[in-house]
file protein_14.txt (compact mmCIF, C-alpha atoms)
# COMPACT_ATOMS: atom_id res chain seq x y z
CA MET A 295 110.28 64.70 112.16
CA ASP A 296 106.72 65.90 112.06
CA PHE A 297 105.61 69.51 112.11
CA PRO A 298 106.26 71.39 115.36
CA GLN A 299 103.15 72.33 117.35
CA LEU A 300 101.78 75.86 117.50
CA LYS A 301 100.99 77.10 121.01
CA ILE A 302 98.78 80.13 121.54
CA GLY A 303 98.39 80.41 125.30
CA ASP A 304 96.85 77.14 126.48
CA LEU A 305 95.69 76.23 122.95
CA ILE A 306 97.95 73.71 121.24
CA ALA A 307 97.54 73.09 117.51
CA LYS A 308 99.17 69.84 116.37
CA ILE A 309 100.49 71.55 113.23
CA PRO A 310 101.72 75.16 112.92
CA ILE A 311 99.19 76.08 110.25
CA ILE A 312 96.31 78.54 110.51
CA GLN A 313 93.83 78.59 107.63
CA GLY A 314 93.35 82.23 106.70
CA GLY A 315 89.90 83.74 107.14
CA MET A 316 88.49 84.48 103.69
CA GLY A 317 85.46 86.71 103.82
CA VAL A 318 82.14 86.79 102.05
CA GLY A 319 81.50 83.10 102.41
CA ILE A 320 84.76 81.47 101.28
CA SER A 321 85.78 80.09 104.69
CA LEU A 322 82.78 79.05 106.73
CA SER A 323 82.13 75.99 108.93
CA GLY A 324 82.91 73.48 106.15
CA LEU A 325 86.50 74.54 105.57
CA ALA A 326 87.24 75.65 109.14
CA SER A 327 86.10 72.37 110.70
CA ALA A 328 88.07 70.30 108.16
CA VAL A 329 91.30 72.18 108.96
CA ALA A 330 90.69 71.99 112.73
CA LYS A 331 90.08 68.26 112.41
CA GLU A 332 93.52 67.81 110.81
CA GLY A 333 95.20 69.54 113.74
CA GLY A 334 95.49 73.05 112.28
CA ILE A 335 93.51 76.14 113.27
CA GLY A 336 90.34 76.51 111.20
CA VAL A 337 88.98 80.02 110.71
CA ILE A 338 85.48 81.24 109.85
CA ALA A 339 85.48 84.67 108.21
CA ALA A 340 82.80 86.98 109.58
CA ALA A 341 82.77 89.59 106.79
CA MET A 342 79.31 89.45 105.10
CA ILE A 343 78.73 86.03 106.65
CA GLY A 344 74.97 86.65 106.52
CA MET A 345 74.90 87.05 102.75
CA GLY A 346 72.69 83.98 102.34
CA GLU A 347 70.10 85.17 104.88
CA PRO A 348 66.77 86.25 103.35
CA ASP A 349 66.76 89.52 105.33
CA ILE A 350 70.39 90.54 104.69
CA GLY A 351 69.29 93.71 102.87
CA SER A 352 66.65 94.81 105.38
CA ASN A 353 68.16 93.51 108.62
CA TYR A 354 71.92 93.56 108.06
CA ARG A 355 73.04 93.37 111.71
CA GLU A 356 70.74 90.56 112.84
CA ALA A 357 71.29 88.50 109.67
CA ASN A 358 75.07 88.52 110.21
CA ILE A 359 74.84 87.68 113.93
CA ARG A 360 72.49 84.78 113.19
CA ALA A 361 74.72 83.39 110.43
CA LEU A 362 77.88 83.63 112.55
CA GLU A 363 76.20 81.81 115.44
CA ARG A 364 75.06 79.07 113.08
CA GLU A 365 78.46 78.63 111.39
CA LEU A 366 80.31 78.44 114.72
CA ARG A 367 77.84 75.90 116.11
CA THR A 368 77.94 73.83 112.91
CA ALA A 369 81.74 73.79 112.93
CA ARG A 370 81.81 72.83 116.60
CA GLU A 371 79.51 69.87 115.93
CA LYS A 372 82.01 68.57 113.36
CA THR A 373 85.24 68.94 115.34
CA ASN A 374 86.69 69.50 118.78
CA GLY A 375 89.76 71.10 117.16
CA ILE A 376 90.71 74.78 117.36
CA LEU A 377 88.29 77.20 115.69
CA GLY A 378 88.82 80.90 115.13
CA VAL A 379 86.87 83.80 113.64
CA ASN A 380 88.40 86.45 111.40
CA ILE A 381 86.76 89.87 111.91
CA MET A 382 87.82 92.98 110.00
CA VAL A 383 88.12 96.04 112.22
CA ALA A 384 86.79 98.15 109.32
CA LEU A 385 83.42 96.36 109.35
CA THR A 386 80.56 98.55 110.54
CA ASN A 387 79.27 95.59 112.59
CA PHE A 388 82.68 94.70 114.09
CA SER A 389 81.35 94.99 117.64
CA ASP A 390 78.38 92.63 117.02
CA LEU A 391 80.64 90.01 115.48
CA VAL A 392 83.21 90.16 118.31
CA LYS A 393 80.50 89.82 120.98
CA THR A 394 78.90 86.90 119.10
CA SER A 395 82.25 85.09 118.70
CA ILE A 396 83.00 85.39 122.42
CA LYS A 397 79.47 84.37 123.42
CA GLU A 398 79.75 81.28 121.18
CA LYS A 399 83.16 80.47 122.76
CA ALA A 400 85.25 80.79 119.60
CA ASP A 401 88.81 79.78 120.51
CA ILE A 402 90.43 82.78 118.80
CA ILE A 403 89.46 86.11 117.23
CA PHE A 404 91.77 87.27 114.43
CA ALA A 405 91.28 91.01 113.84
CA GLY A 406 92.84 92.89 110.93
CA ALA A 407 92.02 95.64 108.40
CA GLY A 408 92.61 98.31 111.02
CA LEU A 409 94.13 98.32 114.51
CA PRO A 410 91.84 96.57 117.05
CA LEU A 411 92.83 98.94 119.87
CA ASP A 412 89.83 98.18 122.12
CA LEU A 413 89.47 94.45 121.48
CA PRO A 414 90.29 93.31 125.07
CA SER A 415 87.36 95.39 126.39
CA TYR A 416 85.01 92.68 125.04
CA LEU A 417 86.48 89.91 127.22
CA LYS A 418 83.97 89.72 130.06
CA ASP A 419 83.11 87.11 132.71
CA GLY A 420 86.21 84.97 132.32
CA ALA A 421 85.85 84.59 128.54
CA LYS A 422 88.63 82.36 127.23
CA THR A 423 88.68 83.55 123.60
CA LYS A 424 92.23 84.41 122.49
CA LEU A 425 92.81 87.75 120.75
CA VAL A 426 95.17 87.83 117.76
CA PRO A 427 95.64 91.06 115.80
CA ILE A 428 96.70 90.92 112.14
CA VAL A 429 99.39 93.50 111.37
CA SER A 430 101.74 94.40 108.52
CA SER A 431 104.58 96.03 110.48
CA ALA A 432 106.54 95.94 113.73
CA ARG A 433 105.30 99.48 114.40
CA ALA A 434 101.64 98.37 114.36
CA ALA A 435 102.45 95.42 116.67
CA THR A 436 104.22 97.75 119.12
CA ILE A 437 101.34 100.27 119.14
CA ILE A 438 98.82 97.50 119.92
CA CYS A 439 100.99 95.99 122.69
CA LYS A 440 101.52 99.36 124.40
CA LYS A 441 97.88 100.37 124.15
CA TRP A 442 96.49 97.02 125.36
CA LEU A 443 99.01 96.84 128.20
CA SER A 444 98.33 100.35 129.51
CA LYS A 445 94.56 100.26 129.05
CA PHE A 446 93.63 96.64 129.75
CA ASP A 447 96.74 95.05 131.32
CA TYR A 448 96.47 92.51 128.49
CA LEU A 449 98.81 91.57 125.66
CA PRO A 450 97.90 89.94 122.34
CA ASP A 451 97.86 86.15 122.53
CA ALA A 452 99.71 86.09 119.19
CA PHE A 453 100.22 88.23 116.09
CA VAL A 454 99.56 87.31 112.49
CA VAL A 455 101.95 89.30 110.28
CA GLU A 456 100.58 89.64 106.77
CA GLY A 457 103.06 90.45 104.03
CA PRO A 458 102.42 92.04 100.62
CA LYS A 459 102.03 88.69 98.77
CA ALA A 460 98.68 88.02 100.47
CA GLY A 461 95.36 87.88 98.67
CA GLY A 462 92.52 90.32 99.25
CA HIS A 463 92.94 93.71 100.85
CA LEU A 464 96.52 94.61 101.68
CA GLY A 465 97.75 96.85 104.46
CA PHE A 466 100.31 98.47 102.21
CA LYS A 467 100.52 101.47 99.89
CA PRO A 468 100.61 100.41 96.21
CA GLU A 469 104.29 101.38 95.88
CA GLN A 470 105.25 99.22 98.89
CA ILE A 471 103.82 95.97 97.51
CA GLU A 472 106.85 95.11 95.32
CA ASP A 473 109.38 96.93 97.53
CA PRO A 474 111.71 94.33 99.13
CA HIS A 475 111.93 96.45 102.32
CA PHE A 476 108.29 95.53 103.04
CA SER A 477 108.63 91.81 102.28
CA LEU A 478 107.48 89.25 104.83
CA GLU A 479 111.09 88.03 105.08
CA VAL A 480 112.08 91.48 106.40
CA THR A 481 108.99 92.08 108.55
CA ILE A 482 108.86 88.75 110.44
CA PRO A 483 112.23 89.16 112.21
CA ASP A 484 111.30 92.81 112.93
CA VAL A 485 108.01 91.86 114.59
CA VAL A 486 109.59 88.94 116.49
CA GLU A 487 112.15 91.41 117.85
CA ALA A 488 109.51 94.08 118.63
CA VAL A 489 107.22 91.76 120.61
CA ARG A 490 110.10 90.19 122.51
CA GLN A 491 110.34 93.30 124.71
CA PHE A 492 106.75 92.65 125.85
CA ASP A 493 107.27 88.92 126.47
CA GLY A 494 106.94 88.21 130.13
CA LYS A 495 105.28 91.53 131.02
CA THR A 496 102.08 89.61 131.65
CA GLY A 497 103.82 86.27 131.96
CA LYS A 498 103.15 85.06 128.42
CA ALA A 499 105.15 84.73 125.24
CA ILE A 500 103.61 86.23 122.09
CA PRO A 501 103.95 83.87 119.11
CA VAL A 502 104.29 85.48 115.67
CA ILE A 503 102.62 83.88 112.65
CA ALA A 504 103.76 84.51 109.06
CA ALA A 505 101.08 85.12 106.40
CA GLY A 506 100.89 86.19 102.79
CA GLY A 507 102.20 84.05 99.94
CA VAL A 508 103.10 81.03 102.09
CA TYR A 509 102.81 78.15 99.63
CA ASP A 510 104.61 74.96 100.72
CA GLY A 511 106.71 73.24 103.34
CA THR A 512 109.85 75.06 102.19
CA ASP A 513 108.14 78.38 102.98
CA ILE A 514 106.97 77.04 106.35
CA LYS A 515 110.54 76.02 107.28
CA LYS A 516 111.89 79.40 106.10
CA PHE A 517 109.56 81.42 108.35
CA LEU A 518 109.93 79.09 111.35
CA ASP A 519 113.71 79.50 111.00
CA MET A 520 113.20 83.29 111.12
CA GLY A 521 111.50 83.06 114.50
CA ALA A 522 107.85 82.66 113.48
CA SER A 523 105.87 80.08 115.48
CA GLY A 524 103.58 79.17 112.61
CA VAL A 525 102.12 80.24 109.27
CA GLN A 526 98.74 81.31 107.98
CA MET A 527 97.66 80.12 104.53
CA GLY A 528 94.58 81.24 102.64
CA SER A 529 94.71 80.61 98.90
CA ARG A 530 95.90 77.01 99.19
CA PHE A 531 92.79 76.16 101.22
CA VAL A 532 90.45 77.61 98.57
CA ALA A 533 91.46 74.80 96.22
CA THR A 534 90.07 72.13 98.55
CA THR A 535 86.90 70.10 98.31
CA GLU A 536 85.82 71.33 101.75
CA CYS A 537 86.15 75.05 100.94
CA ASP A 538 82.73 76.72 101.18
CA ALA A 539 82.91 78.53 97.81
CA ASP A 540 81.25 77.41 94.57
CA PRO A 541 83.35 74.97 92.46
CA LYS A 542 83.63 77.66 89.74
CA PHE A 543 85.34 79.96 92.25
CA LYS A 544 87.87 77.23 93.10
CA GLU A 545 88.35 76.53 89.39
CA ALA A 546 89.36 80.20 88.89
CA PHE A 547 92.32 79.47 91.20
CA VAL A 548 93.32 76.31 89.34
CA GLN A 549 93.07 78.03 85.92
CA ALA A 550 94.83 81.26 86.93
CA LYS A 551 98.12 82.05 85.24
CA GLU A 552 100.79 84.24 86.80
CA GLU A 553 99.83 87.27 84.70
CA ASP A 554 96.17 86.93 85.80
CA ILE A 555 97.05 87.87 89.40
CA GLN A 556 96.84 91.65 89.61
CA ILE A 557 96.65 94.47 92.12
CA ILE A 558 93.34 96.34 91.96
CA ASN A 559 92.05 99.47 93.67
CA SER A 560 89.24 98.34 95.94
CA PRO A 561 86.24 100.58 96.65
CA VAL A 562 87.18 100.42 100.33
CA GLY A 563 90.25 102.54 99.66
CA LEU A 564 92.91 99.81 99.83
CA PRO A 565 94.88 97.95 97.17
CA GLY A 566 93.81 94.32 96.80
CA ARG A 567 95.19 91.28 94.97
CA ALA A 568 92.72 89.43 92.77
CA VAL A 569 92.39 87.07 89.81
CA MET A 570 91.61 89.18 86.73
CA SER A 571 88.09 88.58 85.40
CA SER A 572 85.82 90.08 82.74
CA PHE A 573 84.14 92.01 85.58
CA LEU A 574 87.45 93.62 86.62
CA GLU A 575 88.37 94.27 82.96
CA ASP A 576 85.13 96.26 82.64
CA VAL A 577 85.94 98.23 85.78
CA LYS A 578 89.42 98.95 84.37
CA LYS A 579 87.84 100.30 81.19
CA GLY A 580 85.82 102.67 83.33
CA LEU A 581 82.49 100.87 82.88
CA LYS A 582 80.52 101.51 86.04
CA LYS A 583 78.38 98.82 87.59
CA PRO A 584 75.42 100.83 88.84
CA PHE A 585 74.19 99.98 92.34
CA THR A 586 72.79 101.39 95.52
CA CYS A 587 74.63 100.46 98.71
CA PRO A 588 72.50 97.67 100.27
CA PHE A 589 74.77 96.90 103.23
CA HIS A 590 77.12 99.73 104.25
CA CYS A 591 79.41 96.92 105.40
CA ILE A 592 82.79 98.70 105.52
CA SER A 593 83.24 102.04 107.21
CA SER A 594 85.91 103.28 104.75
CA CYS A 595 83.85 102.55 101.60
CA ASP A 596 82.51 105.67 99.84
CA TYR A 597 79.84 104.03 97.74
CA THR A 598 78.89 107.35 96.07
CA LYS A 599 82.25 107.35 94.27
CA SER A 600 82.69 103.62 93.84
CA PRO A 601 82.33 101.98 90.39
CA TYR A 602 80.82 98.84 91.96
CA CYS A 603 79.74 97.30 95.27
CA ILE A 604 82.55 95.09 96.54
CA GLY A 605 80.12 93.21 98.81
CA LEU A 606 77.92 92.20 95.87
CA ALA A 607 80.91 91.44 93.63
CA LEU A 608 82.37 89.05 96.21
CA VAL A 609 78.99 87.46 96.97
CA ASN A 610 78.55 86.79 93.24
CA ALA A 611 82.04 85.29 92.98
CA LYS A 612 81.45 83.02 95.97
CA LYS A 613 78.34 81.71 94.18
CA GLY A 614 80.39 81.06 91.03
CA LEU A 615 78.96 84.03 89.09
CA LEU A 616 82.38 85.34 88.09
CA LYS A 617 80.98 87.45 85.24
CA HIS A 618 79.47 89.59 88.00
CA GLY A 619 82.35 89.52 90.45
CA PHE A 620 85.91 88.40 91.10
CA ALA A 621 88.07 86.26 93.37
CA PHE A 622 90.67 87.68 95.71
CA ALA A 623 93.83 85.51 95.73
CA GLY A 624 97.42 85.40 96.95
CA LYS A 625 100.42 86.05 94.70
CA ASN A 626 101.30 82.34 94.35
CA VAL A 627 97.83 81.13 93.37
CA TYR A 628 98.97 80.42 89.79
CA ARG A 629 101.04 77.52 91.21
CA ILE A 630 97.88 75.67 92.26
CA ASP A 631 96.94 73.03 89.70
CA ALA A 632 94.32 70.83 91.37
CA ILE A 633 91.50 70.77 93.90
CA VAL A 634 92.33 68.33 96.71
CA SER A 635 90.94 67.48 100.12
CA VAL A 636 92.15 69.39 103.19
CA LYS A 637 93.78 66.17 104.43
CA GLU A 638 95.66 65.70 101.13
CA LEU A 639 96.82 69.32 101.18
CA ILE A 640 98.13 69.07 104.74
CA ASP A 641 99.80 65.73 104.01
CA SER A 642 101.59 67.30 101.02
CA LEU A 643 102.64 70.31 103.14
CA ARG A 644 103.97 67.91 105.77
CA GLN A 645 105.97 66.00 103.14
CA SER A 646 107.47 69.12 101.58
CA TYR A 647 108.33 70.41 105.08
CA GLN A 648 110.09 67.12 105.91
CA ARG A 649 112.01 67.34 102.64
CA ALA A 650 112.98 70.95 103.44
CA ILE A 651 114.38 70.03 106.86
CA GLY A 652 116.14 66.99 105.38
CA ALA A 653 114.04 64.42 107.27
CA ILE A 654 113.14 62.51 104.08

call {"tool": "encode", "arguments": {"input": "protein_14.txt", "output": "structure tokens"}}
result
Amino acid sequence: MDFPQLKIGDLIAKIPIIQGGMGVGISLSGLASAVAKEGGIGVIAAAMIGMGEPDIGSNYREANIRALERELRTAREKTNGILGVNIMVALTNFSDLVKTSIKEKADIIFAGAGLPLDLPSYLKDGAKTKLVPIVSSARAATIICKKWLSKFDYLPDAFVVEGPKAGGHLGFKPEQIEDPHFSLEVTIPDVVEAVRQFDGKTGKAIPVIAAGGVYDGTDIKKFLDMGASGVQMGSRFVATTECDADPKFKEAFVQAKEEDIQIINSPVGLPGRAVMSSFLEDVKKGLKKPFTCPFHCISSCDYTKSPYCIGLALVNAKKGLLKHGFAFAGKNVYRIDAIVSVKELIDSLRQSYQRAIGAI
């Protein structure tokens, strides 16, 4: 018994695994193409994708468009598998990145960090790009379905449901993160139930994908049994040779202990889960990291009150300069003990899934 396939409209992934989009250079063409090649859905994260461009400070919009075009084209040269782009709704250049992804014929746009209420308006001239919102509740999924249906006669091609064990920015209030009522195990059946009432309204089923803390084949079986059609995994893919981050960034995942994974207050006004570092210890002590805002990348970030620039901190981490930044990570990252290839990781997930269903 191999993995079941994941169908999103006419796209068919051989395995029900989406590699989570990890922004500021962690998942670019290298990682995304490797996952797509293995039959999963590879995802390029658009947030601050232009950070390596020489004119990122002076020409923020153009630098990001150029980098996204290049990463999509590079990934496409390496694989004919399924490639997506993750674009945060809260980005000030959200519109540029959506238009670029559609123009470059990305297979899927994943849009989270806010409700992408107008996303279907970008689908022009028979564009085939699938639209997949990332939500944290059945309520958010229902709002998007109703709005898209009434305004665009379009329903999401799928939903990614991100629970409170995810890495990075979380769509939860701090007190909800450990509250069992908000766990992914509770939310997945809720969302499956909520979207079922829209199934068939435009003649398509809406698959639901579980994300946040998914670690192994046992987890994959658990969420598929609850009605999910697939899973999204981020942190596991960081600890791969093909991941686009510096080896020191990956090493932070391998070395992390359970107590190192903490919830922080991000300058963008959301809680986030990260690996504790000397940089974050300084922030905790109230030591400010002076900066001017070079990017204005996220609309909700009040840089005048922020102790540091999250864009710069994440750029530094991606480059391995963890004294000057930090790594976002999922709750289960402490279980990772080695850096492996994407193929090895997927093979091990397949084996643990087969064990979980009793096939081996």

call {"tool": "residues_around", "arguments": {"input": "protein_14.txt", "residues": "Leu322 of chain A", "least_positions_apart": "5", "cutoff": "7 Å", "atoms": "all atoms listed in the file", "output": "VMD selection string"}}
result
chain A and resid 338 to 339 365 538

call {"tool": "closest_residue", "arguments": {"input": "protein_14.txt", "among": "A:Pro310, A:Ser352, A:Ile471, A:Ser646", "to": "Leu518 of chain A", "atoms": "all atoms listed in the file"}}
result
A:Pro310

call {"tool": "closest_residue", "arguments": {"input": "protein_14.txt", "among": "A:Ala435, A:Ala546, A:Leu366, A:Ala400", "to": "Leu615 of chain A", "atoms": "all atoms listed in the file"}}
result
A:Ala546

call {"tool": "closest_residue", "arguments": {"input": "protein_14.txt", "among": "A:Asn374, A:Ser642, A:Asn380, A:Thr535", "to": "Lys424 of chain A", "atoms": "all atoms listed in the file"}}
result
A:Asn380

call {"tool": "residues_around", "arguments": {"input": "protein_14.txt", "residues": "Tyr628 of chain A", "least_positions_apart": "6", "cutoff": "6 Å", "atoms": "only C-alpha atoms", "output": "short mmCIF file (atom, residue, chain, number, x, y, z; two decimals) with C-alpha atoms, keeping the file's coordinate frame"}}
result
data_model
loop_
_atom_site.label_atom_id
_atom_site.label_comp_id
_atom_site.auth_asym_id
_atom_site.auth_seq_id
_atom_site.Cartn_x
_atom_site.Cartn_y
_atom_site.Cartn_z
CA ALA A 550 94.83 81.26 86.93
CA LYS A 551 98.12 82.05 85.24
CA GLU A 552 100.79 84.24 86.80
#

call {"tool": "residues_around", "arguments": {"input": "protein_14.txt", "residues": "Arg364 of chain A", "least_positions_apart": "6", "cutoff": "12 Å", "atoms": "all atoms listed in the file", "output": "VMD selection string"}}
result
chain A and resid 322 to 324 338 340 343 to 344 347 357 to 358 370 to 371 394 to 395 398

call {"tool": "write_last_selection", "arguments": {"input": "protein_14.txt", "atoms": "C-alpha atoms", "output": "compact mmCIF listing (two decimals), in the frame of the given file"}}
result
# COMPACT_ATOMS: atom_id res chain seq x y z
CA LEU A 322 82.78 79.05 106.73
CA SER A 323 82.13 75.99 108.93
CA GLY A 324 82.91 73.48 106.15
CA ILE A 338 85.48 81.24 109.85
CA ALA A 340 82.80 86.98 109.58
CA ILE A 343 78.73 86.03 106.65
CA GLY A 344 74.97 86.65 106.52
CA GLU A 347 70.10 85.17 104.88
CA ALA A 357 71.29 88.50 109.67
CA ASN A 358 75.07 88.52 110.21
CA ARG A 370 81.81 72.83 116.60
CA GLU A 371 79.51 69.87 115.93
CA THR A 394 78.90 86.90 119.10
CA SER A 395 82.25 85.09 118.70
CA GLU A 398 79.75 81.28 121.18

call {"tool": "closest_atom_pairs", "arguments": {"input": "protein_14.txt", "of": "segment 387-417 of chain A", "to": "segment 441-465 of chain A", "cutoff": "10 Å", "atoms": "all atoms listed in the file", "output": "Markdown table"}}
result
| residue | atom | partner | partner_atom | distance |
| --- | --- | --- | --- | --- |
| A:Ile402 | CA | A:Asp451 | CA | 9.0 |
| A:Ile403 | CA | A:Asp451 | CA | 9.9 |
| A:Phe404 | CA | A:Val454 | CA | 8.0 |
| A:Ala405 | CA | A:Val454 | CA | 9.2 |
| A:Gly406 | CA | A:Val454 | CA | 8.9 |
| A:Ala407 | CA | A:Gly465 | CA | 7.1 |
| A:Gly408 | CA | A:Gly465 | CA | 8.5 |
| A:Pro410 | CA | A:Trp442 | CA | 9.5 |
| A:Leu411 | CA | A:Lys441 | CA | 6.8 |
| A:Asp412 | CA | A:Trp442 | CA | 7.5 |
| A:Leu413 | CA | A:Trp442 | CA | 8.4 |
| A:Pro414 | CA | A:Phe446 | CA | 6.6 |
| A:Ser415 | CA | A:Phe446 | CA | 7.2 |

call {"tool": "atom_distance", "arguments": {"input": "protein_14.txt", "atom1": "atom CA of Ile654 of chain A", "atom2": "atom CA of Tyr509 of chain A"}}
result
19.3 Å

call {"tool": "atom_distance", "arguments": {"input": "protein_14.txt", "atom1": "atom CA of Phe466 of chain A", "atom2": "atom CA of Asn610 of chain A"}}
result
26.3 Å

call {"tool": "atom_distance", "arguments": {"input": "protein_14.txt", "atom1": "atom CA of Thr368 of chain A", "atom2": "atom CA of Arg530 of chain A"}}
result
22.8 Å

call {"tool": "residues_around", "arguments": {"input": "protein_14.txt", "residues": "Thr373 of chain A", "least_positions_apart": "6", "cutoff": "8 Å", "atoms": "only C-alpha atoms", "output": "list in words"}}
result
Ser327, Ala328, Ala330 and Lys331 of chain A

call {"tool": "residues_around", "arguments": {"input": "protein_14.txt", "residues": "Val392 of chain A", "least_positions_apart": "4", "cutoff": "9 Å", "atoms": "all atoms listed in the file", "output": "PyMOL selection string"}}
result
chain A and resi 379+381+387-388+396-397+403+413+416

call {"tool": "closest_atom_pairs", "arguments": {"input": "protein_14.txt", "of": "segment 485-595 of chain A", "to": "segment 620-626 of chain A", "cutoff": "7 Å", "atoms": "all atoms listed in the file", "output": "CSV"}}
result
residue,atom,partner,partner_atom,distance
A:Gly506,CA,A:Gly624,CA,6.8
A:Gly507,CA,A:Gly624,CA,5.8
A:Tyr509,CA,A:Asn626,CA,6.9
A:Ser529,CA,A:Gly624,CA,5.8
A:Phe543,CA,A:Ala621,CA,7.0
A:Ile555,CA,A:Lys625,CA,6.5
A:Arg567,CA,A:Phe622,CA,5.8
A:Ala568,CA,A:Phe622,CA,4.0
A:Val569,CA,A:Ala621,CA,5.7
A:Ser571,CA,A:Phe620,CA,6.1
A:Phe573,CA,A:Phe620,CA,6.8

call {"tool": "write_last_selection", "arguments": {"input": "protein_14.txt", "atoms": "C-alpha atoms", "output": "mmCIF file, in the coordinates of the input"}}
result
data_model
loop_
_atom_site.group_PDB
_atom_site.id
_atom_site.type_symbol
_atom_site.label_atom_id
_atom_site.label_comp_id
_atom_site.auth_asym_id
_atom_site.auth_seq_id
_atom_site.Cartn_x
_atom_site.Cartn_y
_atom_site.Cartn_z
ATOM 1 C CA GLY A 506 100.890 86.190 102.790
ATOM 2 C CA GLY A 507 102.200 84.050 99.940
ATOM 3 C CA TYR A 509 102.810 78.150 99.630
ATOM 4 C CA SER A 529 94.710 80.610 98.900
ATOM 5 C CA PHE A 543 85.340 79.960 92.250
ATOM 6 C CA ILE A 555 97.050 87.870 89.400
ATOM 7 C CA ARG A 567 95.190 91.280 94.970
ATOM 8 C CA ALA A 568 92.720 89.430 92.770
ATOM 9 C CA VAL A 569 92.390 87.070 89.810
ATOM 10 C CA SER A 571 88.090 88.580 85.400
ATOM 11 C CA PHE A 573 84.140 92.010 85.580
#

call {"tool": "decode", "arguments": {"input": "protein_14.txt", "residues": "segment 562-573 of chain A", "atoms": "N, CA and C atoms", "output": "tab-separated table (two decimals), in the first residue's frame"}}
result
chain	number	residue	atom	x	y	z
A	562	VAL	N	5.48	41.80	13.79
A	562	VAL	CA	4.32	42.00	12.91
A	562	VAL	C	3.00	41.85	13.66
A	563	GLY	N	3.09	41.69	14.99
A	563	GLY	CA	1.87	41.67	15.78
A	563	GLY	C	1.23	40.31	15.93
A	564	LEU	N	1.98	39.24	15.63
A	564	LEU	CA	1.45	37.88	15.79
A	564	LEU	C	2.41	37.07	16.65
A	565	PRO	N	1.89	36.06	17.37
A	565	PRO	CA	2.84	35.14	18.02
A	565	PRO	C	3.52	34.28	16.95
A	566	GLY	N	4.75	33.87	17.23
A	566	GLY	CA	5.47	33.01	16.29
A	566	GLY	C	6.23	31.95	17.06
A	567	ARG	N	6.48	30.78	16.43
A	567	ARG	CA	7.25	29.74	17.11
A	567	ARG	C	8.64	29.67	16.49
A	568	ALA	N	9.66	29.74	17.34
A	568	ALA	CA	11.03	29.83	16.85
A	568	ALA	C	11.97	29.02	17.74
A	569	VAL	N	13.17	28.78	17.21
A	569	VAL	CA	14.24	28.15	18.00
A	569	VAL	C	14.95	29.28	18.76
A	570	MET	N	15.02	29.16	20.08
A	570	MET	CA	15.65	30.21	20.89
A	570	MET	C	17.09	30.41	20.44
A	571	SER	N	17.54	31.65	20.39
A	571	SER	CA	18.92	31.95	19.99
A	571	SER	C	19.42	33.11	20.84
A	572	SER	N	20.71	33.38	20.78
A	572	SER	CA	21.26	34.49	21.57
A	572	SER	C	20.59	35.81	21.16
A	573	PHE	N	20.24	35.92	19.88
A	573	PHE	CA	19.55	37.12	19.38
A	573	PHE	C	18.20	37.29	20.11
